[in-house]
Amino acid sequence: MAMAAVASQGNSVKPIFTDSVLHIDLICELIFSCCSPAALVQTAATCRVAKESVHSYIQYAFNINRRLSRYFSDPLAFRSLQARTATLISGSFALQFFDRSFYPTSDLDLYVHMRHRREVGRWLLGAGYAFAPTPYQYPDFEVAVADPLTVAPGGIYDMPGIACIFNFTTAARTGGGTLKVILGFHSTCVMNVLSFEKAYCLYPRTTLEERRSLVSASCRGQSERRPQGLDKYAVRGWTIVARLPPQDAERRDGAFRLGWRWIDDNASWVVALDTAGVARAPAPNASSGARAHDPVAVCNWQLRYSAVGGAVMQFGVAKGGVLRYVYLVTDEGLLGHLTRVLSAKIRVEQAKADLKLEDWNYCDDELPRICREHIREVAERKLVALR
């Protein structure tokens, strides 16, 4: 971005852009709305005034409550429901949020853990939505949500990890482990997710800067209707990449970042959302701690690519009797460590349950710390070995 300056009396140089333009919010909004995310970061790095101006624009442009007001009269009440039930937003809404775009006919896709499907459905009904059953479902939501034979009908959202779909004008998709559903999407441009506290764009460089989307599949399989999703986003302006060019396929630091990933690593774009007025999740019982963060914060996967099989999102699953949610973990060493730690905790809780001593102690609140400590310990051991 070119910076204009004029010479004033005394031969000093006065920068017009920083002294005059950046203090006018309306002009800044017009300028910054034409900037890509990378251009915003670069502009913010030029000087203190630019940094403050870009920060102010980001707060305005990425106002999640304003975006959600299109669907709910009380966005904070919905986000408190998100915090309580670990419900995630993905699909076209999440892409529009990061892209600062608007699709008039798009809906809101909610990805709900099975244990919370009734609570989320009832909340939507209370918010003014009407249950719109498919031909495969009972017309009454309370009956449909309890039906063990409820299945997701074939369609664009027929993919591994989705147990069933409940439509409330928009669709609530339910399953075990919501991130494994999102990693099974047709391509990388829609691998974006919003929790109650943060928004994650997993492939920001290719999605937002290069407008490219890599066709991929989950290690659990792929949707039979994947071409429909690819066609939709091709029409919306993304170049669909079926095969990686050599410069990307042979490098781990290529545009699509092959290899080991965490949801909040330096290849993701993470936007912290304003949580003022959002009620945090309570502790599940008197013996357990309350979750400080959404379960999606513990998500580790690997993007593998071969010329024959294409791109595959590889991940393992960490779950157990002392975890209320399912977590994605790829690293075999970490997964083995979690298995040992969680198994020991389960034995302790089972012994207490047999004696009826106290409530079952869930450790979802401890999981981020357990992962960090193990990764730090492994890294320190490797550094010692190199000395």
# chains A, B, ... in the order shown; residues from 1 in each chain; ligands from 1
>>> residues_around(residues="range 198-211 of chain A", least_positions_apart="5", cutoff="7 Å", atoms="only C-alpha atoms", output="VMD selection string")
chain A and resid 36 99 188 to 189 191 to 193 238 to 239 255 to 256 263 267 to 273
>>> atom_distance(atom1="CA of Val143 in chain A", atom2="CA of Ile165 in chain A")
14.1 Å
>>> select_by_dssp(residues="range 96-277 of chain A", states="alpha helix (DSSP H)", output="NGL selection string")
:A and (96-99 or 117-126 or 141-146 or 178-182 or 204 or 226-235 or 246-249)
>>> write_last_selection(atoms="N, CA, C and O atoms", output="compact mmCIF listing (two decimals), in the first residue's frame")
# COMPACT_ATOMS: atom_id res chain seq x y z
N GLN A 96 -18.19 -17.20 5.18
CA GLN A 96 -18.58 -15.81 5.00
C GLN A 96 -17.99 -14.91 6.09
O GLN A 96 -17.60 -13.78 5.84
N PHE A 97 -17.94 -15.44 7.31
CA PHE A 97 -17.38 -14.67 8.43
C PHE A 97 -15.93 -14.29 8.14
O PHE A 97 -15.55 -13.12 8.27
N PHE A 98 -15.11 -15.26 7.74
CA PHE A 98 -13.70 -14.97 7.48
C PHE A 98 -13.52 -14.18 6.19
O PHE A 98 -12.62 -13.34 6.10
N ASP A 99 -14.35 -14.43 5.21
CA ASP A 99 -14.22 -13.80 3.89
C ASP A 99 -14.87 -12.42 3.85
O ASP A 99 -14.75 -11.71 2.86
N ARG A 117 -28.19 -32.89 21.68
CA ARG A 117 -29.08 -32.63 20.56
C ARG A 117 -30.46 -32.16 21.02
O ARG A 117 -31.06 -31.28 20.41
N ARG A 118 -30.99 -32.75 22.11
CA ARG A 118 -32.32 -32.36 22.58
C ARG A 118 -32.30 -30.93 23.13
O ARG A 118 -33.19 -30.12 22.83
N GLU A 119 -31.27 -30.59 23.91
CA GLU A 119 -31.19 -29.25 24.49
C GLU A 119 -31.09 -28.17 23.40
O GLU A 119 -31.77 -27.15 23.47
N VAL A 120 -30.25 -28.42 22.39
CA VAL A 120 -30.10 -27.43 21.32
C VAL A 120 -31.39 -27.32 20.51
O VAL A 120 -31.83 -26.21 20.17
N GLY A 121 -32.02 -28.45 20.19
CA GLY A 121 -33.27 -28.41 19.45
C GLY A 121 -34.36 -27.66 20.19
O GLY A 121 -35.08 -26.85 19.60
N ARG A 122 -34.48 -27.92 21.48
CA ARG A 122 -35.50 -27.20 22.27
C ARG A 122 -35.22 -25.71 22.31
O ARG A 122 -36.15 -24.89 22.28
N TRP A 123 -33.93 -25.36 22.38
CA TRP A 123 -33.59 -23.93 22.41
C TRP A 123 -34.00 -23.27 21.09
O TRP A 123 -34.55 -22.16 21.09
N LEU A 124 -33.75 -23.94 19.97
CA LEU A 124 -34.13 -23.38 18.68
C LEU A 124 -35.64 -23.22 18.57
O LEU A 124 -36.13 -22.22 18.03
N LEU A 125 -36.37 -24.20 19.07
CA LEU A 125 -37.83 -24.08 19.07
C LEU A 125 -38.27 -22.89 19.90
O LEU A 125 -39.16 -22.12 19.50
N GLY A 126 -37.62 -22.69 21.05
CA GLY A 126 -37.95 -21.56 21.91
C GLY A 126 -37.56 -20.23 21.30
O GLY A 126 -38.12 -19.18 21.65
N PHE A 141 -40.74 -33.04 17.19
CA PHE A 141 -39.30 -33.05 17.47
C PHE A 141 -38.96 -33.95 18.65
O PHE A 141 -37.96 -34.69 18.61
N GLU A 142 -39.74 -33.91 19.72
CA GLU A 142 -39.43 -34.70 20.92
C GLU A 142 -39.44 -36.19 20.61
O GLU A 142 -38.67 -36.96 21.20
N VAL A 143 -40.27 -36.60 19.67
CA VAL A 143 -40.30 -38.01 19.27
C VAL A 143 -39.13 -38.30 18.34
O VAL A 143 -38.43 -39.30 18.48
N ALA A 144 -38.90 -37.40 17.40
CA ALA A 144 -37.84 -37.62 16.40
C ALA A 144 -36.47 -37.66 17.05
O ALA A 144 -35.63 -38.49 16.67
N VAL A 145 -36.24 -36.81 18.03
CA VAL A 145 -34.91 -36.72 18.63
C VAL A 145 -34.58 -37.95 19.46
O VAL A 145 -33.41 -38.27 19.69
N ALA A 146 -35.62 -38.66 19.91
CA ALA A 146 -35.41 -39.86 20.72
C ALA A 146 -35.44 -41.14 19.90
O ALA A 146 -35.18 -42.22 20.42
N THR A 178 -17.55 -33.26 16.72
CA THR A 178 -17.97 -32.41 15.61
C THR A 178 -16.83 -32.05 14.67
O THR A 178 -17.05 -31.86 13.48
N LEU A 179 -15.57 -31.97 15.17
CA LEU A 179 -14.47 -31.60 14.30
C LEU A 179 -14.17 -32.69 13.27
O LEU A 179 -13.73 -32.39 12.15
N LYS A 180 -14.42 -33.95 13.60
CA LYS A 180 -14.13 -34.99 12.60
C LYS A 180 -15.11 -34.91 11.45
O LYS A 180 -14.79 -35.36 10.35
N VAL A 181 -16.28 -34.32 11.66
CA VAL A 181 -17.21 -34.08 10.56
C VAL A 181 -16.66 -32.99 9.65
O VAL A 181 -16.64 -33.12 8.42
N ILE A 182 -16.17 -31.90 10.25
CA ILE A 182 -15.69 -30.76 9.48
C ILE A 182 -14.44 -31.13 8.69
O ILE A 182 -14.26 -30.68 7.55
N PRO A 204 -6.12 -20.62 5.80
CA PRO A 204 -6.40 -19.23 5.42
C PRO A 204 -5.68 -18.75 4.16
O PRO A 204 -6.24 -17.99 3.38
N ARG A 226 -20.09 -35.63 -2.74
CA ARG A 226 -19.06 -34.60 -2.71
C ARG A 226 -19.09 -33.68 -3.93
O ARG A 226 -18.87 -32.46 -3.79
N PRO A 227 -19.34 -34.17 -5.16
CA PRO A 227 -19.35 -33.26 -6.32
C PRO A 227 -20.31 -32.09 -6.18
O PRO A 227 -20.04 -31.00 -6.70
N GLN A 228 -21.43 -32.27 -5.48
CA GLN A 228 -22.38 -31.18 -5.32
C GLN A 228 -21.75 -30.03 -4.54
O GLN A 228 -21.92 -28.86 -4.89
N GLY A 229 -21.05 -30.36 -3.45
CA GLY A 229 -20.39 -29.32 -2.67
C GLY A 229 -19.30 -28.63 -3.44
O GLY A 229 -19.14 -27.40 -3.38
N LEU A 230 -18.52 -29.39 -4.20
CA LEU A 230 -17.44 -28.80 -5.00
C LEU A 230 -18.00 -27.84 -6.05
O LEU A 230 -17.47 -26.75 -6.27
N ASP A 231 -19.09 -28.25 -6.70
CA ASP A 231 -19.71 -27.39 -7.72
C ASP A 231 -20.19 -26.08 -7.09
O ASP A 231 -20.04 -25.00 -7.70
N LYS A 232 -20.77 -26.16 -5.89
CA LYS A 232 -21.30 -24.96 -5.25
C LYS A 232 -20.21 -23.93 -5.00
O LYS A 232 -20.39 -22.73 -5.25
N TYR A 233 -19.06 -24.38 -4.52
CA TYR A 233 -18.01 -23.42 -4.19
C TYR A 233 -17.18 -23.02 -5.40
O TYR A 233 -16.54 -21.97 -5.40
N ALA A 234 -17.20 -23.80 -6.45
CA ALA A 234 -16.60 -23.38 -7.71
C ALA A 234 -17.39 -22.20 -8.28
O ALA A 234 -16.82 -21.21 -8.76
N VAL A 235 -18.72 -22.29 -8.19
CA VAL A 235 -19.58 -21.19 -8.65
C VAL A 235 -19.34 -19.94 -7.81
O VAL A 235 -19.39 -18.81 -8.31
N PRO A 246 3.64 -29.96 -7.95
CA PRO A 246 4.84 -30.49 -7.28
C PRO A 246 5.37 -29.60 -6.17
O PRO A 246 5.82 -30.11 -5.13
N GLN A 247 5.33 -28.27 -6.35
CA GLN A 247 5.89 -27.39 -5.32
C GLN A 247 5.12 -27.46 -4.01
O GLN A 247 5.67 -27.16 -2.94
N ASP A 248 3.86 -27.87 -4.06
CA ASP A 248 3.07 -28.04 -2.84
C ASP A 248 3.13 -29.47 -2.33
O ASP A 248 3.15 -29.71 -1.13
N ALA A 249 3.14 -30.43 -3.24
CA ALA A 249 3.08 -31.84 -2.85
C ALA A 249 4.37 -32.32 -2.21
O ALA A 249 4.36 -33.27 -1.42
>>> closest_residue(among="A:His55, A:Arg100, A:Ala276, A:Ala297", to="Cys35 in chain A", atoms="only C-alpha atoms")
A:Arg100
>>> residues_around(residues="Gly309 in chain A", least_positions_apart="2", cutoff="12 Å", atoms="only C-alpha atoms", output="list in words")
Val215, Ser216, Ala217, Ser218, Cys219, Ala242, Arg243, Leu244, Arg304, Tyr305, Ser306, Ala307, Ala311, Val312 and Met313 of chain A
>>> write_last_selection(atoms="N, CA, C and O atoms", output="compact mmCIF listing (two decimals), in the first residue's frame")
# COMPACT_ATOMS: atom_id res chain seq x y z
N VAL A 215 -9.39 -30.56 -2.83
CA VAL A 215 -10.33 -31.67 -2.65
C VAL A 215 -9.70 -32.66 -1.67
O VAL A 215 -8.54 -33.04 -1.80
N SER A 216 -10.47 -33.06 -0.66
CA SER A 216 -9.93 -33.97 0.35
C SER A 216 -11.01 -34.91 0.86
O SER A 216 -12.20 -34.72 0.59
N ALA A 217 -10.55 -35.91 1.59
CA ALA A 217 -11.47 -36.86 2.22
C ALA A 217 -10.99 -37.10 3.65
O ALA A 217 -9.83 -36.86 3.98
N SER A 218 -11.89 -37.55 4.48
CA SER A 218 -11.54 -37.93 5.84
C SER A 218 -11.01 -39.35 5.85
O SER A 218 -11.34 -40.17 4.98
N CYS A 219 -10.17 -39.68 6.84
CA CYS A 219 -9.71 -41.06 7.00
C CYS A 219 -10.87 -42.00 7.30
O CYS A 219 -10.73 -43.23 7.21
N ALA A 242 -7.78 -30.61 -7.49
CA ALA A 242 -7.90 -32.06 -7.29
C ALA A 242 -6.55 -32.70 -7.03
O ALA A 242 -6.45 -33.68 -6.30
N ARG A 243 -5.49 -32.16 -7.65
CA ARG A 243 -4.14 -32.69 -7.51
C ARG A 243 -3.19 -31.55 -7.20
O ARG A 243 -3.23 -30.50 -7.84
N LEU A 244 -2.31 -31.75 -6.23
CA LEU A 244 -1.38 -30.71 -5.84
C LEU A 244 -0.26 -30.58 -6.87
O LEU A 244 0.27 -31.58 -7.35
N ARG A 304 -2.39 -35.73 4.78
CA ARG A 304 -1.53 -36.60 3.99
C ARG A 304 -1.92 -36.51 2.52
O ARG A 304 -3.09 -36.35 2.19
N TYR A 305 -0.91 -36.62 1.65
CA TYR A 305 -1.20 -36.52 0.22
C TYR A 305 -0.38 -37.53 -0.56
O TYR A 305 0.80 -37.74 -0.28
N SER A 306 -1.03 -38.14 -1.53
CA SER A 306 -0.33 -39.01 -2.48
C SER A 306 -0.94 -38.77 -3.85
O SER A 306 -2.12 -38.40 -3.97
N ALA A 307 -0.14 -38.98 -4.88
CA ALA A 307 -0.61 -38.74 -6.24
C ALA A 307 -1.76 -39.69 -6.60
O ALA A 307 -2.60 -39.37 -7.44
N ALA A 311 -5.67 -36.09 -1.29
CA ALA A 311 -5.51 -35.55 0.06
C ALA A 311 -6.45 -36.25 1.03
O ALA A 311 -7.64 -36.43 0.74
N VAL A 312 -5.91 -36.62 2.18
CA VAL A 312 -6.70 -37.29 3.22
C VAL A 312 -6.41 -36.64 4.56
O VAL A 312 -5.24 -36.43 4.92
N MET A 313 -7.46 -36.30 5.29
CA MET A 313 -7.33 -35.77 6.65
C MET A 313 -7.26 -36.95 7.62
O MET A 313 -8.25 -37.68 7.79
>>> residues_around(residues="Leu334 in chain A", least_positions_apart="3", cutoff="12 Å", atoms="only C-alpha atoms", output="PyMOL selection string")
chain A and resi 298-300+316-318+328-331+337-342+367-368+370-379
>>> write_last_selection(atoms="N, CA, C and O atoms", output="CSV table (one decimal), in the first residue's frame")
chain,number,residue,atom,x,y,z
A,298,VAL,N,-8.7,-28.6,21.6
A,298,VAL,CA,-7.8,-29.8,21.5
A,298,VAL,C,-8.1,-30.6,20.3
A,298,VAL,O,-9.0,-31.4,20.2
A,299,CYS,N,-7.5,-30.2,19.2
A,299,CYS,CA,-7.7,-30.9,17.9
A,299,CYS,C,-6.4,-30.9,17.1
A,299,CYS,O,-5.8,-29.9,16.8
A,300,ASN,N,-6.0,-32.1,16.8
A,300,ASN,CA,-4.7,-32.4,16.2
A,300,ASN,C,-5.0,-33.4,15.0
A,300,ASN,O,-5.5,-34.4,15.2
A,316,GLY,N,-6.8,-39.5,14.8
A,316,GLY,CA,-7.3,-40.5,15.8
A,316,GLY,C,-8.3,-39.9,16.7
A,316,GLY,O,-8.5,-38.7,16.7
A,317,VAL,N,-8.8,-40.7,17.6
A,317,VAL,CA,-9.9,-40.2,18.5
A,317,VAL,C,-9.5,-40.5,20.0
A,317,VAL,O,-9.1,-41.6,20.3
A,318,ALA,N,-9.6,-39.5,20.8
A,318,ALA,CA,-9.4,-39.7,22.2
A,318,ALA,C,-10.7,-39.5,22.9
A,318,ALA,O,-11.4,-38.5,22.8
A,328,LEU,N,-9.9,-35.0,18.8
A,328,LEU,CA,-9.1,-35.6,17.7
A,328,LEU,C,-7.6,-35.4,18.1
A,328,LEU,O,-7.1,-34.3,18.4
A,329,VAL,N,-6.9,-36.5,18.0
A,329,VAL,CA,-5.5,-36.6,18.2
A,329,VAL,C,-4.8,-37.5,17.2
A,329,VAL,O,-5.3,-38.6,17.0
A,330,THR,N,-3.8,-37.0,16.6
A,330,THR,CA,-3.1,-37.7,15.5
A,330,THR,C,-1.8,-38.3,16.0
A,330,THR,O,-1.4,-39.4,15.7
A,331,ASP,N,-1.0,-37.5,16.8
A,331,ASP,CA,0.3,-38.0,17.2
A,331,ASP,C,0.2,-39.2,18.1
A,331,ASP,O,-0.5,-39.3,19.1
A,337,HIS,N,0.0,-41.7,25.4
A,337,HIS,CA,0.1,-41.0,26.7
A,337,HIS,C,-1.3,-40.8,27.3
A,337,HIS,O,-1.6,-41.1,28.5
A,338,LEU,N,-2.2,-40.2,26.4
A,338,LEU,CA,-3.6,-40.0,26.9
A,338,LEU,C,-4.3,-41.2,27.3
A,338,LEU,O,-5.0,-41.3,28.3
A,339,THR,N,-4.1,-42.3,26.5
A,339,THR,CA,-4.7,-43.6,26.9
A,339,THR,C,-4.3,-44.1,28.3
A,339,THR,O,-5.1,-44.5,29.1
A,340,ARG,N,-3.0,-43.9,28.6
A,340,ARG,CA,-2.5,-44.4,29.9
A,340,ARG,C,-3.0,-43.5,31.0
A,340,ARG,O,-3.5,-44.0,32.0
A,341,VAL,N,-3.0,-42.2,30.8
A,341,VAL,CA,-3.5,-41.2,31.8
A,341,VAL,C,-5.0,-41.4,32.1
A,341,VAL,O,-5.4,-41.5,33.2
A,342,LEU,N,-5.8,-41.5,31.0
A,342,LEU,CA,-7.2,-41.6,31.1
A,342,LEU,C,-7.6,-42.9,31.7
A,342,LEU,O,-8.6,-43.0,32.5
A,367,LEU,N,-7.7,-31.6,30.1
A,367,LEU,CA,-7.1,-32.2,28.9
A,367,LEU,C,-6.1,-31.3,28.2
A,367,LEU,O,-5.0,-31.7,27.8
A,368,PRO,N,-6.4,-30.0,28.0
A,368,PRO,CA,-5.4,-29.1,27.4
A,368,PRO,C,-4.1,-29.1,28.1
A,368,PRO,O,-3.0,-29.2,27.5
A,370,ILE,N,-2.8,-31.5,30.1
A,370,ILE,CA,-2.2,-32.8,30.0
A,370,ILE,C,-1.5,-32.9,28.6
A,370,ILE,O,-0.3,-33.4,28.6
A,371,CYS,N,-2.1,-32.4,27.6
A,371,CYS,CA,-1.5,-32.4,26.3
A,371,CYS,C,-0.3,-31.5,26.2
A,371,CYS,O,0.8,-32.0,25.7
A,372,ARG,N,-0.4,-30.3,26.7
A,372,ARG,CA,0.7,-29.4,26.7
A,372,ARG,C,1.9,-29.9,27.4
A,372,ARG,O,3.1,-29.8,27.0
A,373,GLU,N,1.7,-30.5,28.6
A,373,GLU,CA,2.8,-31.0,29.5
A,373,GLU,C,3.5,-32.1,28.8
A,373,GLU,O,4.7,-32.2,28.8
A,374,HIS,N,2.8,-33.0,28.1
A,374,HIS,CA,3.4,-34.2,27.4
A,374,HIS,C,4.2,-33.7,26.3
A,374,HIS,O,5.4,-34.1,26.1
A,375,ILE,N,3.7,-32.8,25.5
A,375,ILE,CA,4.4,-32.3,24.3
A,375,ILE,C,5.6,-31.5,24.7
A,375,ILE,O,6.7,-31.7,24.1
A,376,ARG,N,5.6,-30.8,25.8
A,376,ARG,CA,6.7,-30.0,26.3
A,376,ARG,C,7.8,-31.0,26.8
A,376,ARG,O,9.0,-30.8,26.5
A,377,GLU,N,7.4,-32.1,27.5
A,377,GLU,CA,8.3,-33.0,28.0
A,377,GLU,C,9.0,-33.8,26.9
A,377,GLU,O,10.3,-34.0,26.9
A,378,VAL,N,8.3,-34.2,25.8
A,378,VAL,CA,8.9,-34.8,24.7
A,378,VAL,C,9.9,-33.9,24.0
A,378,VAL,O,11.0,-34.3,23.6
A,379,ALA,N,9.5,-32.6,23.8
A,379,ALA,CA,10.4,-31.7,23.1
A,379,ALA,C,11.7,-31.5,23.9
A,379,ALA,O,12.8,-31.4,23.4
>>> residues_around(residues="Ala86 in chain A", least_positions_apart="5", cutoff="10 Å", atoms="only C-alpha atoms", output="mmCIF file with C-alpha atoms, in the first residue's frame")
data_model
loop_
_atom_site.group_PDB
_atom_site.id
_atom_site.type_symbol
_atom_site.label_atom_id
_atom_site.label_comp_id
_atom_site.auth_asym_id
_atom_site.auth_seq_id
_atom_site.Cartn_x
_atom_site.Cartn_y
_atom_site.Cartn_z
ATOM 1 C CA ARG A 79 -23.541 -18.149 22.171
ATOM 2 C CA SER A 80 -24.166 -19.052 25.804
ATOM 3 C CA LEU A 81 -25.910 -22.175 24.472
ATOM 4 C CA TYR A 111 -22.711 -29.121 14.582
ATOM 5 C CA VAL A 112 -24.002 -30.569 17.832
ATOM 6 C CA HIS A 113 -22.698 -33.342 20.069
ATOM 7 C CA HIS A 116 -26.807 -32.167 23.585
ATOM 8 C CA THR A 178 -17.967 -32.405 15.612
ATOM 9 C CA SER A 195 -16.934 -21.864 18.806
ATOM 10 C CA PHE A 196 -18.415 -19.502 21.382
ATOM 11 C CA ALA A 281 -20.255 -23.590 30.648
ATOM 12 C CA ARG A 291 -14.348 -26.133 31.046
ATOM 13 C CA HIS A 293 -12.389 -23.452 26.693
ATOM 14 C CA ASP A 294 -14.435 -25.177 24.023
ATOM 15 C CA PRO A 295 -13.409 -28.823 23.406
ATOM 16 C CA VAL A 296 -12.463 -27.918 19.833
ATOM 17 C CA TYR A 325 -16.555 -35.068 24.628
#
>>> select_by_dssp(residues="range 205-272 of chain A", states="strand (DSSP E or B)", output="PyMOL selection string")
chain A and resi 212-218+221+239-241+259-262+269-272
>>> write_last_selection(atoms="N, CA, C and O atoms", output="PDB file, in the first residue's frame")
ATOM      1  N   ARG A 212      -8.147 -20.871  -3.518  1.00  0.00           N
ATOM      2  CA  ARG A 212      -8.035 -22.258  -3.972  1.00  0.00           C
ATOM      3  C   ARG A 212      -8.557 -23.181  -2.885  1.00  0.00           C
ATOM      4  O   ARG A 212      -8.430 -22.885  -1.690  1.00  0.00           O
ATOM      5  N   SER A 213      -9.119 -24.312  -3.296  1.00  0.00           N
ATOM      6  CA  SER A 213      -9.662 -25.273  -2.337  1.00  0.00           C
ATOM      7  C   SER A 213      -9.242 -26.675  -2.745  1.00  0.00           C
ATOM      8  O   SER A 213      -9.530 -27.129  -3.862  1.00  0.00           O
ATOM      9  N   LEU A 214      -8.535 -27.346  -1.847  1.00  0.00           N
ATOM     10  CA  LEU A 214      -8.023 -28.688  -2.131  1.00  0.00           C
ATOM     11  C   LEU A 214      -9.086 -29.739  -1.844  1.00  0.00           C
ATOM     12  O   LEU A 214      -9.621 -29.817  -0.732  1.00  0.00           O
ATOM     13  N   VAL A 215      -9.389 -30.561  -2.834  1.00  0.00           N
ATOM     14  CA  VAL A 215     -10.327 -31.667  -2.646  1.00  0.00           C
ATOM     15  C   VAL A 215      -9.703 -32.663  -1.669  1.00  0.00           C
ATOM     16  O   VAL A 215      -8.536 -33.043  -1.800  1.00  0.00           O
ATOM     17  N   SER A 216     -10.472 -33.061  -0.664  1.00  0.00           N
ATOM     18  CA  SER A 216      -9.929 -33.974   0.349  1.00  0.00           C
ATOM     19  C   SER A 216     -11.011 -34.912   0.856  1.00  0.00           C
ATOM     20  O   SER A 216     -12.197 -34.719   0.593  1.00  0.00           O
ATOM     21  N   ALA A 217     -10.555 -35.912   1.593  1.00  0.00           N
ATOM     22  CA  ALA A 217     -11.465 -36.864   2.221  1.00  0.00           C
ATOM     23  C   ALA A 217     -10.995 -37.100   3.649  1.00  0.00           C
ATOM     24  O   ALA A 217      -9.835 -36.860   3.984  1.00  0.00           O
ATOM     25  N   SER A 218     -11.889 -37.546   4.483  1.00  0.00           N
ATOM     26  CA  SER A 218     -11.539 -37.929   5.844  1.00  0.00           C
ATOM     27  C   SER A 218     -11.005 -39.354   5.850  1.00  0.00           C
ATOM     28  O   SER A 218     -11.340 -40.168   4.976  1.00  0.00           O
ATOM     29  N   GLY A 221     -13.651 -41.874   5.565  1.00  0.00           N
ATOM     30  CA  GLY A 221     -14.416 -42.007   4.333  1.00  0.00           C
ATOM     31  C   GLY A 221     -14.780 -40.646   3.773  1.00  0.00           C
ATOM     32  O   GLY A 221     -14.351 -39.615   4.269  1.00  0.00           O
ATOM     33  N   THR A 239     -11.163 -21.863  -6.932  1.00  0.00           N
ATOM     34  CA  THR A 239     -10.581 -22.823  -7.861  1.00  0.00           C
ATOM     35  C   THR A 239     -10.421 -24.154  -7.152  1.00  0.00           C
ATOM     36  O   THR A 239      -9.744 -24.233  -6.113  1.00  0.00           O
ATOM     37  N   ILE A 240     -11.055 -25.178  -7.657  1.00  0.00           N
ATOM     38  CA  ILE A 240     -11.015 -26.490  -7.022  1.00  0.00           C
ATOM     39  C   ILE A 240      -9.752 -27.223  -7.476  1.00  0.00           C
ATOM     40  O   ILE A 240      -9.519 -27.411  -8.673  1.00  0.00           O
ATOM     41  N   VAL A 241      -8.932 -27.631  -6.502  1.00  0.00           N
ATOM     42  CA  VAL A 241      -7.661 -28.290  -6.775  1.00  0.00           C
ATOM     43  C   VAL A 241      -7.808 -29.777  -6.459  1.00  0.00           C
ATOM     44  O   VAL A 241      -7.951 -30.159  -5.294  1.00  0.00           O
ATOM     45  N   GLY A 259       1.134 -32.530   6.588  1.00  0.00           N
ATOM     46  CA  GLY A 259       1.720 -33.010   7.829  1.00  0.00           C
ATOM     47  C   GLY A 259       0.897 -32.664   9.060  1.00  0.00           C
ATOM     48  O   GLY A 259      -0.313 -32.439   8.998  1.00  0.00           O
ATOM     49  N   TRP A 260       1.590 -32.625  10.174  1.00  0.00           N
ATOM     50  CA  TRP A 260       1.018 -32.518  11.507  1.00  0.00           C
ATOM     51  C   TRP A 260       0.470 -31.123  11.749  1.00  0.00           C
ATOM     52  O   TRP A 260       1.139 -30.129  11.497  1.00  0.00           O
ATOM     53  N   ARG A 261      -0.757 -31.019  12.272  1.00  0.00           N
ATOM     54  CA  ARG A 261      -1.392 -29.718  12.504  1.00  0.00           C
ATOM     55  C   ARG A 261      -2.121 -29.700  13.848  1.00  0.00           C
ATOM     56  O   ARG A 261      -2.630 -30.718  14.314  1.00  0.00           O
ATOM     57  N   TRP A 262      -2.182 -28.521  14.444  1.00  0.00           N
ATOM     58  CA  TRP A 262      -3.077 -28.238  15.559  1.00  0.00           C
ATOM     59  C   TRP A 262      -4.023 -27.134  15.108  1.00  0.00           C
ATOM     60  O   TRP A 262      -3.668 -26.297  14.267  1.00  0.00           O
ATOM     61  N   TRP A 269      -5.663 -19.303  10.945  1.00  0.00           N
ATOM     62  CA  TRP A 269      -5.981 -17.922  11.332  1.00  0.00           C
ATOM     63  C   TRP A 269      -7.037 -18.022  12.433  1.00  0.00           C
ATOM     64  O   TRP A 269      -8.123 -18.546  12.215  1.00  0.00           O
ATOM     65  N   VAL A 270      -6.692 -17.538  13.609  1.00  0.00           N
ATOM     66  CA  VAL A 270      -7.585 -17.628  14.761  1.00  0.00           C
ATOM     67  C   VAL A 270      -8.011 -16.223  15.162  1.00  0.00           C
ATOM     68  O   VAL A 270      -7.167 -15.358  15.422  1.00  0.00           O
ATOM     69  N   VAL A 271      -9.310 -15.995  15.194  1.00  0.00           N
ATOM     70  CA  VAL A 271      -9.861 -14.704  15.602  1.00  0.00           C
ATOM     71  C   VAL A 271     -10.537 -14.877  16.961  1.00  0.00           C
ATOM     72  O   VAL A 271     -11.468 -15.685  17.094  1.00  0.00           O
ATOM     73  N   ALA A 272     -10.056 -14.155  17.962  1.00  0.00           N
ATOM     74  CA  ALA A 272     -10.689 -14.202  19.282  1.00  0.00           C
ATOM     75  C   ALA A 272     -11.984 -13.397  19.232  1.00  0.00           C
ATOM     76  O   ALA A 272     -11.988 -12.234  18.811  1.00  0.00           O
TER      77      ALA A 272
END
>>> closest_residue(among="A:His186, A:Lys382, A:Arg280, A:Arg324", to="Leu76 in chain A", atoms="only C-alpha atoms")
A:Arg280
>>> atom_distance(atom1="CA of Gly333 in chain A", atom2="CA of Leu88 in chain A")
27.9 Å
>>> residues_around(residues="Pro104 in chain A", least_positions_apart="6", cutoff="12 Å", atoms="only C-alpha atoms", output="PyMOL selection string")
chain A and resi 70+92-93+96
>>> atom_distance(atom1="CA of Ser101 in chain A", atom2="CA of Arg84 in chain A")
28.6 Å
>>> closest_residue(among="A:Met114, A:Ser69, A:Phe166, A:Val308", to="Ala132 in chain A", atoms="only C-alpha atoms")
A:Phe166
>>> closest_residue(among="A:Cys363, A:Leu355, A:Ala44, A:Leu183", to="Trp301 in chain A", atoms="only C-alpha atoms")
A:Leu183
